[in-house]
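**Q** The structure that follows is given in the form of structure tokens.
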Amino acid sequence: MIKLIAIDLDGTLLTDAKTISDTNKAILAKAKDRGVKIVICTGRPLIAIKDYLAELNLLDADDYSITFNGGLIQTNTGEILGKTAMELADVRHIYQLMTKLNLPMDVLSDALCFQLMTSKDHPSIYPTMNKALTYVSKTIDALEADALYNKVVAAIDVDYLDQQMALIPNEEYERFEIFKTRPNLLEFMPKGVTKAFGLSVLGDHLGITANEMMALGDEANDLSMINYAGMGVAMENATDGVKSAANFVTRTNQADGVAHAIQKFVFDDLT
């Protein structure tokens, strides 16, 4: 029996126009009424998903989200259950790597985003992708040791990003969690911090096991939770790696794939 549904946003719950369909809203409301926990699992900070949470009626004290790809596990009213962030030394290390790769670099600090100059030729497109944040230009030497560093991102044209990603040494993948969250967005997280990690922390808090969870996603950062949950669901528009790992491939994000999977595994299984 599914007691918790973990849902990615971009490419999963959201349409390409960044909206939630009426069909998806209706089935999520029905599931919540049945006592199923609806948990948004995203790379974004809480402030950047508040409007979606309000639209889904998920702003109660016992509603939860996993943000920053597992870096923050919190109630949707802001109470933090678990937090893991980067050290300044990690940010400095990634700064050197991004400079060498000629990739742009943005560092998220809750609702702030520090923009560092690591590529004059390829400026960051992150401000066009996430407009809920406040952007501040910084030098690497101006960053403070006691500041909050949730994650590092590189947002740039997909073809150039793929080309430069191929140059990242293997040892970097051993030091950090490195994955795409969208075709044109590369993210760095502390090692071991994933959406699956976030679900494990939340599951312990709620007394819900992995086998009682359903996870839906489409990109590499969703792979951990799709492997972790008892029912891992890939969108039809998901990457091949996510599809291969999933227990089930549902319809696309444009065709109410979330609602289709929930109907099949949460409601049809009860009949």
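Identifiers in this document derive from the order of the structure tokens: chains are assigned A, B, ..., residues are numbered from 1 separately in each chain, and ligands are numbered from 1 in order of occurrence.
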Write out as JSON lines the residues of segment 154-213 of chain A that have any atom within 12 Å of an atom of segment 9-30 of chain A, one row each with the nearest atom pair and its distance in Å to one decimal, counting only C-alpha atoms, sorted by chain and then rising number.
**A**
{"residue": "A:Lys180", "atom": "CA", "partner": "A:Asp10", "partner_atom": "CA", "distance": 12.0}
{"residue": "A:Thr181", "atom": "CA", "partner": "A:Asp10", "partner_atom": "CA", "distance": 8.4}
{"residue": "A:Arg182", "atom": "CA", "partner": "A:Asp10", "partner_atom": "CA", "distance": 7.7}
{"residue": "A:Pro183", "atom": "CA", "partner": "A:Gly11", "partner_atom": "CA", "distance": 10.4}
{"residue": "A:Leu185", "atom": "CA", "partner": "A:Asp10", "partner_atom": "CA", "distance": 11.7}
**Q** Tell me, counting only C-alpha atoms, for each residue of segment 110-163 of chain A within 9 Å of segment 46-66 of chain A, which pair of atoms is nearest and how far apart they are in Å to one decimal, in rows ordered by chain and increasing number, as JSON lines.
**A**
{"residue": "A:Asp110", "atom": "CA", "partner": "A:Leu46", "partner_atom": "CA", "distance": 8.2}
{"residue": "A:Ala111", "atom": "CA", "partner": "A:Ile47", "partner_atom": "CA", "distance": 6.6}
{"residue": "A:Asn130", "atom": "CA", "partner": "A:Ala48", "partner_atom": "CA", "distance": 7.5}
{"residue": "A:Lys131", "atom": "CA", "partner": "A:Ala48", "partner_atom": "CA", "distance": 8.0}
{"residue": "A:Ala132", "atom": "CA", "partner": "A:Ala48", "partner_atom": "CA", "distance": 5.2}
{"residue": "A:Leu133", "atom": "CA", "partner": "A:Ala48", "partner_atom": "CA", "distance": 7.2}
**Q** Taking the chain letters and numbering used in this document, name the residues of segment 3-144 of chain A that DSSP puts in strand (DSSP E or B), as number ranges by chain.
**A** A: 4-7, 37-41, 64-67, 72-75, 80-83, 105-109, 112-116, 134-138
**Q** Mind checking which residues fall within 8 Å of Leu223 of chain A, counting only C-alpha atoms, ignoring those fewer than 5 positions away in the same chain, and posting them as a ChimeraX atom specification?
**A** /A:217,241-242,245
**Q** Any idea what's packed within 9 Å of Gly257 of chain A, counting only C-alpha atoms, ignoring anything in its chain fewer than 4 positions away? Could you give it as a PyMOL selection string?
**A** chain A and resi 12-13+24+235-236+249-253+261-262
**Q** Take the residues just selected and output them with all heavy atoms as an mmCIF file, in the first residue's frame.
**A**
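Output below, filename out_11.cif:
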data_model
loop_
_atom_site.group_PDB
_atom_site.id
_atom_site.type_symbol
_atom_site.label_atom_id
_atom_site.label_comp_id
_atom_site.auth_asym_id
_atom_site.auth_seq_id
_atom_site.Cartn_x
_atom_site.Cartn_y
_atom_site.Cartn_z
ATOM 1 N N THR A 12 8.089 16.352 -14.941
ATOM 2 C CA THR A 12 7.324 15.294 -14.279
ATOM 3 C C THR A 12 5.920 15.795 -13.942
ATOM 4 O O THR A 12 4.974 15.540 -14.684
ATOM 5 C CB THR A 12 8.048 14.809 -13.010
ATOM 6 O OG1 THR A 12 9.355 14.323 -13.378
ATOM 7 C CG2 THR A 12 7.291 13.669 -12.341
ATOM 8 N N LEU A 13 5.784 16.499 -12.836
ATOM 9 C CA LEU A 13 4.475 17.049 -12.475
ATOM 10 C C LEU A 13 4.111 18.246 -13.349
ATOM 11 O O LEU A 13 2.944 18.440 -13.705
ATOM 12 C CB LEU A 13 4.468 17.458 -11.004
ATOM 13 C CG LEU A 13 3.154 18.053 -10.478
ATOM 14 C CD1 LEU A 13 2.004 17.059 -10.621
ATOM 15 C CD2 LEU A 13 3.300 18.481 -9.026
ATOM 16 N N ASN A 24 -3.880 16.283 -12.945
ATOM 17 C CA ASN A 24 -2.880 15.982 -11.912
ATOM 18 C C ASN A 24 -3.283 16.567 -10.563
ATOM 19 O O ASN A 24 -3.132 15.924 -9.521
ATOM 20 C CB ASN A 24 -1.509 16.515 -12.334
ATOM 21 C CG ASN A 24 -0.802 15.615 -13.334
ATOM 22 O OD1 ASN A 24 -1.121 14.433 -13.450
ATOM 23 N ND2 ASN A 24 0.155 16.158 -14.047
ATOM 24 N N MET A 235 8.787 8.911 -16.181
ATOM 25 C CA MET A 235 7.939 9.525 -17.197
ATOM 26 C C MET A 235 8.347 8.991 -18.571
ATOM 27 O O MET A 235 9.496 8.598 -18.788
ATOM 28 C CB MET A 235 8.092 11.042 -17.165
ATOM 29 C CG MET A 235 7.901 11.668 -15.787
ATOM 30 S SD MET A 235 6.308 11.294 -15.033
ATOM 31 C CE MET A 235 5.208 12.248 -16.094
ATOM 32 N N GLU A 236 7.425 9.012 -19.495
ATOM 33 C CA GLU A 236 7.756 8.572 -20.853
ATOM 34 C C GLU A 236 8.819 9.470 -21.466
ATOM 35 O O GLU A 236 9.601 9.040 -22.316
ATOM 36 C CB GLU A 236 6.494 8.570 -21.722
ATOM 37 C CG GLU A 236 6.700 7.945 -23.089
ATOM 38 C CD GLU A 236 5.418 7.903 -23.902
ATOM 39 O OE1 GLU A 236 4.339 7.727 -23.313
ATOM 40 O OE2 GLU A 236 5.509 8.065 -25.138
ATOM 41 N N VAL A 249 6.938 2.705 -16.554
ATOM 42 C CA VAL A 249 7.062 3.932 -17.343
ATOM 43 C C VAL A 249 5.656 4.428 -17.646
ATOM 44 O O VAL A 249 4.863 3.727 -18.286
ATOM 45 C CB VAL A 249 7.846 3.708 -18.648
ATOM 46 C CG1 VAL A 249 7.895 4.997 -19.469
ATOM 47 C CG2 VAL A 249 9.260 3.216 -18.352
ATOM 48 N N THR A 250 5.349 5.626 -17.173
ATOM 49 C CA THR A 250 4.021 6.191 -17.351
ATOM 50 C C THR A 250 3.991 7.107 -18.572
ATOM 51 O O THR A 250 4.926 7.125 -19.373
ATOM 52 C CB THR A 250 3.590 6.950 -16.072
ATOM 53 O OG1 THR A 250 2.222 7.328 -16.193
ATOM 54 C CG2 THR A 250 4.454 8.174 -15.818
ATOM 55 N N ARG A 251 2.934 7.843 -18.732
ATOM 56 C CA ARG A 251 2.814 8.770 -19.852
ATOM 57 C C ARG A 251 3.735 9.977 -19.637
ATOM 58 O O ARG A 251 4.349 10.114 -18.593
ATOM 59 C CB ARG A 251 1.357 9.231 -19.977
ATOM 60 C CG ARG A 251 0.381 8.098 -20.273
ATOM 61 C CD ARG A 251 -1.054 8.559 -20.127
ATOM 62 N NE ARG A 251 -1.993 7.462 -20.331
ATOM 63 C CZ ARG A 251 -3.290 7.532 -20.047
ATOM 64 N NH1 ARG A 251 -3.808 8.645 -19.529
ATOM 65 N NH2 ARG A 251 -4.071 6.486 -20.267
ATOM 66 N N THR A 252 3.784 10.859 -20.616
ATOM 67 C CA THR A 252 4.659 12.031 -20.520
ATOM 68 C C THR A 252 4.097 13.070 -19.553
ATOM 69 O O THR A 252 2.933 13.004 -19.141
ATOM 70 C CB THR A 252 4.837 12.714 -21.886
ATOM 71 O OG1 THR A 252 3.609 13.343 -22.257
ATOM 72 C CG2 THR A 252 5.261 11.727 -22.955
ATOM 73 N N ASN A 253 4.935 14.043 -19.240
ATOM 74 C CA ASN A 253 4.488 15.159 -18.398
ATOM 75 C C ASN A 253 3.440 16.010 -19.104
ATOM 76 O O ASN A 253 2.684 16.734 -18.455
ATOM 77 C CB ASN A 253 5.675 16.035 -17.997
ATOM 78 C CG ASN A 253 6.328 16.734 -19.179
ATOM 79 O OD1 ASN A 253 6.612 16.116 -20.199
ATOM 80 N ND2 ASN A 253 6.588 18.030 -19.052
ATOM 81 N N ALA A 261 -0.123 7.213 -13.389
ATOM 82 C CA ALA A 261 0.579 6.266 -12.524
ATOM 83 C C ALA A 261 -0.086 6.160 -11.153
ATOM 84 O O ALA A 261 -0.210 5.068 -10.584
ATOM 85 C CB ALA A 261 2.040 6.688 -12.375
ATOM 86 N N ILE A 262 -0.508 7.293 -10.607
ATOM 87 C CA ILE A 262 -1.141 7.267 -9.283
ATOM 88 C C ILE A 262 -2.464 6.511 -9.343
ATOM 89 O O ILE A 262 -2.796 5.725 -8.446
ATOM 90 C CB ILE A 262 -1.338 8.697 -8.759
ATOM 91 C CG1 ILE A 262 0.019 9.326 -8.440
ATOM 92 C CG2 ILE A 262 -2.221 8.703 -7.508
ATOM 93 C CD1 ILE A 262 -0.044 10.792 -8.057
#
**Q** At a cut-off of 6 Å, using only C-alpha atoms, what residues contact Gly70 of chain A? Leave out same-chain residues fewer than 5 positions from it and give the result as a list in words.
**A**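 Near Gly70 of chain A, the qualifying residues are Val193, Thr194, Lys195 and Gly198 of chain A.
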